[in-house]
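The file structure.tsv comes next; it holds TSV, C-alpha atoms.
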chain	number	residue	atom	x	y	z
A	1	MET	CA	80.72	-136.51	-109.87
A	2	SER	CA	77.64	-137.78	-111.68
A	3	ASP	CA	77.80	-138.85	-115.31
A	4	ALA	CA	74.32	-137.39	-115.94
A	5	PRO	CA	74.22	-134.53	-118.45
A	6	ASP	CA	73.73	-131.01	-117.14
A	7	ALA	CA	71.06	-129.16	-119.17
A	8	LEU	CA	72.72	-125.79	-118.56
A	9	GLU	CA	76.29	-126.93	-119.13
A	10	PRO	CA	76.36	-129.59	-121.87
A	11	ILE	CA	80.12	-130.02	-122.10
A	12	ARG	CA	81.77	-132.63	-119.90
A	13	ILE	CA	85.41	-131.96	-118.95
A	14	VAL	CA	87.51	-134.84	-117.67
A	15	ALA	CA	90.93	-134.46	-116.03
A	16	LEU	CA	92.72	-137.80	-115.77
A	17	TYR	CA	96.04	-139.47	-115.12
A	18	HIS	CA	97.24	-142.98	-114.44
A	19	PHE	CA	100.68	-144.45	-113.86
A	20	THR	CA	100.90	-147.79	-115.64
A	21	PRO	CA	103.60	-149.35	-117.86
A	22	PHE	CA	102.91	-148.89	-121.58
A	23	GLU	CA	105.30	-151.09	-123.52
A	24	ASP	CA	104.67	-149.19	-126.78
A	25	PRO	CA	102.89	-145.85	-126.19
A	26	ALA	CA	103.37	-144.89	-129.85
A	27	ALA	CA	101.11	-147.77	-130.90
A	28	LEU	CA	98.35	-146.40	-128.67
A	29	ARG	CA	98.47	-142.88	-130.07
A	30	GLU	CA	96.74	-143.09	-133.45
A	31	PRO	CA	93.69	-145.17	-132.40
A	32	LEU	CA	93.12	-142.83	-129.45
A	33	LEU	CA	93.49	-139.69	-131.56
A	34	GLU	CA	91.21	-141.04	-134.30
A	35	LEU	CA	88.45	-141.85	-131.81
A	36	CYS	CA	88.72	-138.42	-130.16
A	37	GLU	CA	88.46	-136.69	-133.52
A	38	LYS	CA	85.54	-138.89	-134.58
A	39	GLU	CA	83.66	-138.01	-131.38
A	40	GLY	CA	84.47	-134.30	-131.55
A	41	ILE	CA	86.56	-134.42	-128.38
A	42	LYS	CA	89.03	-131.57	-127.75
A	43	GLY	CA	91.94	-131.25	-125.35
A	44	ILE	CA	95.33	-132.84	-124.82
A	45	LEU	CA	96.48	-136.28	-123.74
A	46	LEU	CA	100.08	-137.27	-123.00
A	47	LEU	CA	101.31	-140.83	-123.44
A	48	ALA	CA	104.59	-142.15	-122.08
A	49	ARG	CA	106.04	-145.44	-120.95
A	50	GLU	CA	104.93	-144.53	-117.42
A	51	GLY	CA	101.26	-143.94	-118.30
A	52	ILE	CA	98.72	-141.35	-119.45
A	53	ASN	CA	97.82	-137.81	-118.38
A	54	GLY	CA	95.61	-135.05	-119.72
A	55	THR	CA	92.35	-133.14	-119.86
A	56	ILE	CA	89.71	-133.60	-122.55
A	57	ALA	CA	86.21	-132.28	-123.15
A	58	GLY	CA	83.20	-133.01	-125.31
A	59	THR	CA	79.59	-134.12	-125.34
A	60	GLU	CA	78.38	-136.67	-122.82
A	61	GLU	CA	78.04	-139.52	-125.34
A	62	GLY	CA	81.36	-138.79	-127.02
A	63	MET	CA	83.17	-138.62	-123.70
A	64	LYS	CA	81.66	-141.93	-122.57
A	65	ARG	CA	83.04	-143.69	-125.64
A	66	VAL	CA	86.50	-142.11	-125.34
A	67	MET	CA	86.75	-142.82	-121.61
A	68	ALA	CA	85.75	-146.44	-122.25
A	69	HIS	CA	88.59	-146.67	-124.78
A	70	ILE	CA	91.08	-145.15	-122.33
A	71	ARG	CA	90.05	-147.50	-119.52
A	72	ALA	CA	90.59	-150.41	-121.91
A	73	LEU	CA	94.26	-149.45	-122.38
A	74	PRO	CA	96.80	-151.74	-120.64
A	75	GLY	CA	96.54	-151.33	-116.85
A	76	CYS	CA	93.96	-148.52	-117.01
A	77	ALA	CA	90.84	-150.36	-115.88
A	78	ASP	CA	90.89	-148.61	-112.49
A	79	LEU	CA	91.88	-145.18	-113.83
A	80	GLU	CA	90.27	-142.38	-111.82
A	81	SER	CA	89.12	-139.10	-113.31
A	82	LYS	CA	87.70	-135.76	-112.19
A	83	ASP	CA	84.68	-134.35	-113.97
A	84	SER	CA	83.43	-130.81	-114.32
A	85	ARG	CA	81.03	-128.99	-116.64
A	86	ALA	CA	81.18	-126.01	-119.00
A	87	PRO	CA	78.73	-124.29	-121.34
A	88	GLU	CA	81.13	-124.68	-124.28
A	89	LEU	CA	84.30	-126.51	-125.24
A	90	PRO	CA	87.29	-125.13	-123.30
A	91	PHE	CA	89.76	-126.37	-125.94
A	92	ARG	CA	90.11	-125.55	-129.62
A	93	ARG	CA	91.81	-128.71	-130.89
A	94	MET	CA	92.71	-132.26	-129.97
A	95	LYS	CA	96.29	-133.41	-129.40
A	96	VAL	CA	97.72	-136.76	-128.32
A	97	ARG	CA	101.44	-136.39	-127.66
A	98	LEU	CA	104.21	-138.85	-126.92
A	99	LYS	CA	106.45	-137.85	-123.99
A	100	LYS	CA	109.27	-139.27	-121.89
A	101	GLU	CA	107.25	-138.49	-118.74
A	102	ILE	CA	103.55	-137.73	-118.30
A	103	VAL	CA	104.60	-135.08	-115.76
A	104	THR	CA	108.17	-133.91	-116.18
A	105	MET	CA	110.23	-133.94	-112.99
A	106	GLY	CA	113.56	-134.98	-114.50
A	107	GLU	CA	114.25	-137.65	-111.86
A	108	PRO	CA	114.42	-140.89	-113.89
A	109	ASP	CA	114.60	-143.19	-110.85
A	110	ILE	CA	111.32	-141.96	-109.35
A	111	ASP	CA	108.47	-144.38	-109.95
A	112	PRO	CA	105.17	-143.62	-108.15
A	113	ARG	CA	104.11	-147.24	-108.63
A	114	GLN	CA	106.82	-148.20	-106.13
A	115	GLY	CA	105.43	-145.98	-103.40
A	116	VAL	CA	103.95	-142.53	-102.77
A	117	GLY	CA	102.85	-140.47	-99.79
A	118	ARG	CA	99.77	-141.27	-97.74
A	119	TYR	CA	96.58	-140.14	-99.43
A	120	VAL	CA	94.38	-137.75	-97.45
A	121	ALA	CA	90.74	-137.35	-98.46
A	122	PRO	CA	89.48	-133.78	-99.00
A	123	GLU	CA	87.21	-134.02	-95.96
A	124	ASP	CA	90.23	-134.85	-93.75
A	125	TRP	CA	92.64	-132.33	-95.30
A	126	ASN	CA	91.74	-129.35	-93.08
A	127	ALA	CA	92.65	-131.21	-89.90
A	128	LEU	CA	96.05	-132.24	-91.29
A	129	ILE	CA	97.10	-128.81	-92.54
A	130	SER	CA	95.80	-127.06	-89.42
A	131	ASP	CA	98.27	-129.05	-87.31
A	132	PRO	CA	101.17	-126.67	-86.49
A	133	ASP	CA	103.62	-129.57	-86.92
A	134	THR	CA	102.62	-129.98	-90.59
A	135	ILE	CA	104.72	-128.33	-93.27
A	136	LEU	CA	102.36	-127.60	-96.15
A	137	ILE	CA	103.94	-127.40	-99.63
A	138	ASP	CA	102.34	-126.22	-102.86
A	139	THR	CA	104.07	-128.22	-105.61
A	140	ARG	CA	102.73	-126.08	-108.48
A	141	ASN	CA	104.60	-123.39	-110.41
A	142	ASP	CA	104.77	-119.77	-109.29
A	143	TYR	CA	102.16	-118.37	-111.70
A	144	GLU	CA	99.65	-120.99	-110.51
A	145	VAL	CA	100.28	-120.27	-106.82
A	146	ALA	CA	99.94	-116.52	-107.47
A	147	ILE	CA	96.16	-116.68	-107.96
A	148	GLY	CA	95.31	-119.04	-105.13
A	149	THR	CA	96.63	-121.56	-102.60
A	150	PHE	CA	95.88	-123.06	-99.19
A	151	LYS	CA	96.28	-120.84	-96.16
A	152	GLY	CA	99.79	-121.20	-94.75
A	153	ALA	CA	101.24	-123.12	-97.70
A	154	GLU	CA	104.90	-122.72	-98.68
A	155	ASP	CA	105.49	-121.53	-102.25
A	156	PRO	CA	108.66	-123.01	-103.82
A	157	LYS	CA	108.50	-120.26	-106.50
A	158	THR	CA	109.42	-122.75	-109.22
A	159	LYS	CA	109.16	-121.91	-112.91
A	160	SER	CA	108.82	-125.59	-113.79
A	161	PHE	CA	108.39	-128.88	-111.95
A	162	ARG	CA	112.00	-129.76	-112.80
A	163	GLU	CA	113.11	-127.18	-110.22
A	164	PHE	CA	111.17	-128.83	-107.40
A	165	PRO	CA	113.72	-131.52	-106.37
A	166	GLU	CA	116.49	-128.94	-105.83
A	167	TRP	CA	114.14	-126.67	-103.86
A	168	PHE	CA	112.98	-129.60	-101.73
A	169	ARG	CA	116.50	-130.70	-100.85
A	170	LYS	CA	117.48	-127.18	-99.77
A	171	ARG	CA	114.30	-126.70	-97.75
A	172	ARG	CA	114.77	-130.02	-96.00
A	173	GLN	CA	118.33	-129.07	-95.02
A	174	GLU	CA	117.06	-125.77	-93.57
A	175	LEU	CA	114.44	-127.55	-91.49
A	176	GLU	CA	116.80	-130.23	-90.23
A	177	ALA	CA	119.39	-127.58	-89.31
A	178	LYS	CA	116.75	-126.22	-86.92
A	179	GLY	CA	116.29	-129.68	-85.45
A	180	ARG	CA	112.90	-130.17	-87.06
A	181	LEU	CA	111.96	-133.52	-88.57
A	182	PRO	CA	109.53	-132.68	-91.31
A	183	LYS	CA	105.96	-133.91	-91.42
A	184	ILE	CA	105.04	-132.89	-94.93
A	185	ALA	CA	101.73	-132.41	-96.72
A	186	MET	CA	101.80	-131.68	-100.46
A	187	PHE	CA	99.12	-130.69	-102.94
A	188	CYS	CA	98.70	-129.81	-106.62
A	189	THR	CA	95.90	-129.21	-109.11
A	190	GLY	CA	94.68	-132.74	-109.78
A	191	GLY	CA	97.08	-134.96	-107.86
A	192	ILE	CA	99.57	-136.08	-110.50
A	193	ARG	CA	102.51	-133.91	-109.43
A	194	CYS	CA	102.10	-135.15	-105.88
A	195	GLU	CA	102.38	-138.74	-107.07
A	196	LYS	CA	105.93	-137.86	-108.09
A	197	SER	CA	106.79	-135.27	-105.44
A	198	THR	CA	105.76	-137.52	-102.55
A	199	SER	CA	107.48	-140.50	-104.17
A	200	PHE	CA	110.59	-138.32	-104.48
A	201	ALA	CA	110.37	-137.21	-100.82
A	202	ARG	CA	110.16	-140.81	-99.68
A	203	ALA	CA	113.13	-141.75	-101.87
A	204	GLU	CA	115.01	-138.91	-100.14
A	205	GLY	CA	114.34	-140.59	-96.78
A	206	VAL	CA	111.35	-138.58	-95.52
A	207	ASP	CA	108.85	-141.05	-94.11
A	208	GLU	CA	105.93	-138.91	-92.97
A	209	VAL	CA	104.62	-137.57	-96.28
A	210	TYR	CA	100.97	-136.92	-97.15
A	211	HIS	CA	99.17	-135.62	-100.20
A	212	LEU	CA	95.68	-134.42	-101.04
A	213	LYS	CA	93.80	-137.17	-102.87
A	214	GLY	CA	92.26	-135.80	-106.04
A	215	GLY	CA	94.15	-132.52	-105.69
A	216	ILE	CA	92.76	-129.02	-105.36
A	217	LEU	CA	90.01	-129.74	-107.88
A	218	LYS	CA	88.51	-132.53	-105.77
A	219	TYR	CA	88.79	-130.36	-102.64
A	220	LEU	CA	86.99	-127.43	-104.29
A	221	GLU	CA	84.35	-129.80	-105.61
A	222	THR	CA	83.58	-131.54	-102.32
A	223	VAL	CA	84.44	-129.23	-99.38
A	224	PRO	CA	81.81	-126.53	-98.64
A	225	GLU	CA	83.12	-123.00	-99.14
A	226	GLU	CA	82.25	-122.02	-95.57
A	227	GLU	CA	84.56	-124.80	-94.30
A	228	SER	CA	87.31	-124.30	-96.86
A	229	LEU	CA	90.90	-123.27	-96.12
A	230	TRP	CA	91.50	-122.50	-99.80
A	231	GLU	CA	92.16	-118.84	-100.64
A	232	GLY	CA	91.69	-117.45	-104.15
A	233	GLU	CA	91.13	-119.41	-107.36
A	234	CYS	CA	92.74	-122.49	-108.92
A	235	PHE	CA	94.54	-122.21	-112.25
A	236	VAL	CA	93.52	-124.82	-114.82
A	237	PHE	CA	95.17	-125.56	-118.15
A	238	ASP	CA	92.27	-124.84	-120.49
A	239	GLN	CA	90.23	-121.87	-121.63
A	240	ARG	CA	88.40	-121.63	-118.30
A	241	VAL	CA	91.76	-120.39	-116.91
A	242	SER	CA	90.66	-120.68	-113.27
A	243	VAL	CA	87.94	-122.27	-111.14
A	244	LYS	CA	86.42	-121.45	-107.76
A	245	HIS	CA	84.60	-123.45	-105.10
A	246	GLY	CA	82.15	-125.89	-106.63
A	247	LEU	CA	84.37	-125.81	-109.74
A	248	GLU	CA	82.57	-122.71	-110.99
A	249	ILE	CA	84.49	-120.84	-113.69
A	250	GLY	CA	86.74	-118.21	-112.13
A	251	THR	CA	87.42	-114.56	-112.88
A	252	HIS	CA	90.85	-114.82	-114.52
A	253	ASP	CA	91.81	-114.50	-118.16
A	254	VAL	CA	95.07	-115.72	-119.70
A	255	CYS	CA	97.83	-114.00	-121.65
A	256	HIS	CA	98.08	-115.70	-125.03
A	257	ALA	CA	101.74	-114.70	-125.27
A	258	CYS	CA	103.09	-116.15	-122.00
A	259	ARG	CA	100.11	-118.25	-120.75
A	260	ARG	CA	100.14	-116.60	-117.31
A	261	PRO	CA	96.80	-115.89	-115.61
A	262	LEU	CA	95.55	-112.30	-115.64
A	263	ASN	CA	93.27	-110.45	-113.24
A	264	GLU	CA	91.37	-107.22	-113.92
A	265	LYS	CA	94.29	-105.09	-112.74
A	266	ASP	CA	96.62	-106.85	-115.18
A	267	LYS	CA	94.21	-106.27	-118.06
A	268	ALA	CA	93.88	-102.57	-117.16
A	269	SER	CA	97.65	-102.12	-117.51
A	270	PRO	CA	98.96	-100.19	-120.56
A	271	LEU	CA	101.32	-103.16	-121.08
A	272	PHE	CA	98.38	-105.47	-121.76
A	273	VAL	CA	97.54	-106.01	-125.41
A	274	GLN	CA	95.12	-108.85	-126.15
A	275	GLY	CA	97.07	-111.84	-127.44
A	276	VAL	CA	100.33	-109.88	-127.62
A	277	SER	CA	101.65	-108.97	-124.16
A	278	CYS	CA	100.81	-108.45	-120.49
A	279	PRO	CA	102.54	-106.85	-117.48
A	280	HIS	CA	104.23	-110.17	-116.71
A	281	CYS	CA	105.84	-110.75	-120.10
A	282	HIS	CA	106.09	-107.37	-121.85
A	283	ASN	CA	109.75	-106.93	-120.95
A	284	GLU	CA	110.53	-110.56	-121.78
A	285	ARG	CA	109.57	-110.24	-125.45
A	286	THR	CA	111.07	-108.40	-128.41
A	287	GLU	CA	109.17	-106.15	-130.79
A	288	GLU	CA	109.54	-108.83	-133.45
A	289	GLN	CA	107.92	-111.40	-131.17
A	290	ARG	CA	105.07	-109.05	-130.29
A	291	HIS	CA	104.46	-108.40	-133.98
A	292	ARG	CA	104.32	-112.16	-134.57
A	293	TYR	CA	101.88	-112.61	-131.69
A	294	ALA	CA	99.66	-109.86	-133.07
A	295	GLU	CA	99.49	-111.61	-136.42
A	296	ARG	CA	98.73	-114.92	-134.70
A	297	GLU	CA	95.92	-113.26	-132.77
A	298	ARG	CA	94.50	-111.83	-135.99
A	299	GLN	CA	94.58	-115.23	-137.70
A	300	GLU	CA	92.98	-116.89	-134.67
A	301	ALA	CA	90.17	-114.32	-134.68
A	302	LEU	CA	89.52	-115.08	-138.34
A	303	ALA	CA	89.52	-118.82	-137.65
A	304	GLN	CA	87.08	-118.37	-134.78
A	305	ALA	CA	84.76	-116.37	-137.01
A	306	ARG	CA	84.83	-119.16	-139.59
A	307	ARG	CA	84.11	-121.79	-136.93
A	308	ALA	CA	81.24	-119.73	-135.56
A	309	GLY	CA	79.69	-119.73	-139.03
A	310	HIS	CA	79.59	-123.54	-138.99
A	311	LEU	CA	78.90	-124.03	-135.27
A	312	GLY	CA	75.31	-125.14	-135.72
A	313	VAL	CA	76.33	-127.82	-138.18
A	314	ARG	CA	79.17	-129.14	-136.01
A	315	GLN	CA	77.08	-129.36	-132.87
A	316	LYS	CA	74.36	-131.55	-134.42
Taking this structure as input, can you express it in the form of structure tokens?
Amino acid sequence: MSDAPDALEPIRIVALYHFTPFEDPAALREPLLELCEKEGIKGILLLAREGINGTIAGTEEGMKRVMAHIRALPGCADLESKDSRAPELPFRRMKVRLKKEIVTMGEPDIDPRQGVGRYVAPEDWNALISDPDTILIDTRNDYEVAIGTFKGAEDPKTKSFREFPEWFRKRRQELEAKGRLPKIAMFCTGGIRCEKSTSFARAEGVDEVYHLKGGILKYLETVPEEESLWEGECFVFDQRVSVKHGLEIGTHDVCHACRRPLNEKDKASPLFVQGVSCPHCHNERTEEQRHRYAERERQEALAQARRAGHLGVRQK
């Protein structure tokens, strides 16, 4: 995507990840956070010994300086990123966190740098997944799959990525019991989960493994809607909540209590209270928790009002 500013949508959003060995990720944290704060960048970045992952947003000039800093980190010169645009910042604060893994699978011996599945470009993806011999797997969590996925994709119904290895092993056994040697295609939002899931599949002895290069976001950005095999919207982990073809902002909202995406039917439910509960989580929370969420929502509304009062100053 072009680096040129969009007059209608001045905020540049960058989703990025890169597997590279960081000897001391803690030493990288403060300089990166200080630069992001100086440039008014918002979002979240994860640092671990295996690399960097995250999504950040800001003005064009600020993002250029921060991305230059990130690409200057050890081993990150060829880091790839995915750009999109928004009329306003989709994040409220900036965080740089230290983690054991930049995407948590819980399989310590899996190292994508040692080998992953075969990358498939978005323009070649339709042919692969239309092949009846291809088993198409959505590696995302259940609430993400619920609002959109590729036609014919299997949903592991996982609550977290840690559950994926167990699901995969069971599914493979089922297929092999039927005498079927799996030819597997995997996909996720931006590609990072597939770096690990395809690496895991290969470590499990499955040779014919493919994954969508650039993830769903690159597919929605580059494949014309009239040719697309994507159905629904794609959940994203920022205040846009979901995106459609062309990476246009989608129609979903998010529950501030459980972070699940909400459609219009969900918001019309008597169990939906802004910032407090939704039909998905109402029975999972206690009255005490809902009271705490209501107070948090009130405080956030006050904070937003204060920020709005200074918005002109901050945007100069």
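If you measure from each of A:Glu226, A:Leu16, A:Gly117, A:Arg162 to Val206 of chain A using all atoms listed in the file, the closest one turns out to be A:Gly117.
Residues surrounding Ser277 of chain A within 8 Å are A:Cys255, A:His256, A:Ala257, A:Cys258, A:Leu271, A:Arg290 [all atoms listed in the file; sequence separation below 6 positions excluded].
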Residues of segment 86-184 of chain A at most 10 Å from segment 27-35 of chain A: nearest atom pair and distance in Å, only C-alpha atoms, as a tab-separated table:
residue	atom	partner	partner_atom	distance
A:Met94	CA	A:Leu33	CA	7.6
A:Lys95	CA	A:Leu33	CA	7.2
A:Val96	CA	A:Leu33	CA	6.1
A:Arg97	CA	A:Arg29	CA	7.5
A:Leu98	CA	A:Arg29	CA	7.7
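For the atom pair formed by atom CA of Glu227 of chain A and atom CA of Tyr143 of chain A, the distance is 25.6 Å, given to one decimal.
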>> Rounded to one decimal, what separation in Å do you get between atom CA of Leu247 of chain A and atom CA of Lys218 of chain A?
In response: 8.8 Å
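With only C-alpha atoms as the atoms that count, the residue of A:Glu264, A:Glu231, A:Asp133, A:Asp124 with the shortest distance to Leu175 of chain A is A:Asp133.
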> From the set A:Ala77, A:Met63, A:Ile249, A:Leu181, which residue has the shortest atom-to-atom contact distance to Gly205 of chain A, counting only C-alpha atoms?
Replying inline: A:Leu181
With all atoms listed in the file counted, which protein, DNA or RNA residues have an atom no more than 10 Å from (107.0, -136.2, -118.0) in the file frame? Please answer as a PDB file with C-alpha atoms, in the frame of the given file.
ATOM      1  CA  LEU A  46     100.080-137.270-123.000  1.00  0.00           C
ATOM      2  CA  LEU A  47     101.310-140.830-123.440  1.00  0.00           C
ATOM      3  CA  ALA A  48     104.590-142.150-122.080  1.00  0.00           C
ATOM      4  CA  ARG A  49     106.040-145.440-120.950  1.00  0.00           C
ATOM      5  CA  GLU A  50     104.930-144.530-117.420  1.00  0.00           C
ATOM      6  CA  GLY A  51     101.260-143.940-118.300  1.00  0.00           C
ATOM      7  CA  ILE A  52      98.720-141.350-119.450  1.00  0.00           C
ATOM      8  CA  ASN A  53      97.820-137.810-118.380  1.00  0.00           C
ATOM      9  CA  LEU A  98     104.210-138.850-126.920  1.00  0.00           C
ATOM     10  CA  LYS A  99     106.450-137.850-123.990  1.00  0.00           C
ATOM     11  CA  LYS A 100     109.270-139.270-121.890  1.00  0.00           C
ATOM     12  CA  GLU A 101     107.250-138.490-118.740  1.00  0.00           C
ATOM     13  CA  ILE A 102     103.550-137.730-118.300  1.00  0.00           C
ATOM     14  CA  VAL A 103     104.600-135.080-115.760  1.00  0.00           C
ATOM     15  CA  THR A 104     108.170-133.910-116.180  1.00  0.00           C
ATOM     16  CA  MET A 105     110.230-133.940-112.990  1.00  0.00           C
ATOM     17  CA  GLY A 106     113.560-134.980-114.500  1.00  0.00           C
ATOM     18  CA  GLU A 107     114.250-137.650-111.860  1.00  0.00           C
ATOM     19  CA  PRO A 108     114.420-140.890-113.890  1.00  0.00           C
ATOM     20  CA  PHE A 161     108.390-128.880-111.950  1.00  0.00           C
ATOM     21  CA  ARG A 162     112.000-129.760-112.800  1.00  0.00           C
ATOM     22  CA  ARG A 193     102.510-133.910-109.430  1.00  0.00           C
TER      23      ARG A 193
END
>> Which residue is closest to Leu128 of chain A? Choose from A:Leu212, A:Leu79, A:Leu89, A:Ala26 and count only C-alpha atoms.
In response: A:Leu212
>> Which residues are near Glu248 of chain A? Cut-off 10 Å, only C-alpha atoms, ignore same chain within fewer than 4 positions. Put them as a list in words.
In response: Ser84, Arg85, Ala86, Leu220, Glu221, Glu233, Arg240, Ser242, Val243 and Lys244 of chain A
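Between Pro21 of chain A and the candidates A:Cys76, A:Ala203, A:Ala146, A:Ile41, the tightest atom-to-atom separation, counting only C-alpha atoms, involves A:Cys76.
Using all atoms listed in the file, the smallest distance between any of A:Glu166, A:Asp266, A:Glu144, A:Glu195 and Val241 of chain A comes from A:Glu144.
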> Near Gln239 of chain A, within 10 Å and counting all atoms listed in the file, which residues show up once chain neighbours fewer than 5 positions away are dropped, as an MDAnalysis selection string?
Replying inline: chainID A and resid 88:92 249 253:254
First collect every listed atom of segment 177-187 of chain A; then fit an axis-aligned box around them, widen it by 3 Å on each side, and give centre and edge lengths in Å to one decimal, as lines of an AutoDock Vina configuration file.
center_x = 109.3
center_y = -130.1
center_z = -94.2
size_x = 26.3
size_y = 13.7
size_z = 23.5
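Coordinates place atom CA of His18 of chain A at a distance of 22.3 Å from atom CA of Glu61 of chain A.
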> Got a sec: who's within 8 Å of segment 150-155 of chain A, counting only C-alpha atoms, leaving out chain neighbours fewer than 6 positions off, as a PyMOL selection string?
Replying inline: chain A and resi 135-139+142+229-231
Output of the above residues as a short mmCIF file (atom, residue, chain, number, x, y, z; two decimals), keeping the file's coordinate frame, restricted to C-alpha atoms:
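The new file out.cif reads:
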data_model
loop_
_atom_site.label_atom_id
_atom_site.label_comp_id
_atom_site.auth_asym_id
_atom_site.auth_seq_id
_atom_site.Cartn_x
_atom_site.Cartn_y
_atom_site.Cartn_z
CA ILE A 135 104.72 -128.33 -93.27
CA LEU A 136 102.36 -127.60 -96.15
CA ILE A 137 103.94 -127.40 -99.63
CA ASP A 138 102.34 -126.22 -102.86
CA THR A 139 104.07 -128.22 -105.61
CA ASP A 142 104.77 -119.77 -109.29
CA LEU A 229 90.90 -123.27 -96.12
CA TRP A 230 91.50 -122.50 -99.80
CA GLU A 231 92.16 -118.84 -100.64
#
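Residues having any atom no farther than 8 Å from (97.2, -131.5, -109.7) (counting only C-alpha atoms) are Arg140, Phe187, Cys188, Thr189, Gly190, Gly191, Ile192, Arg193, Cys194, Gly214, Gly215, Ile216 and Leu217 of chain A.
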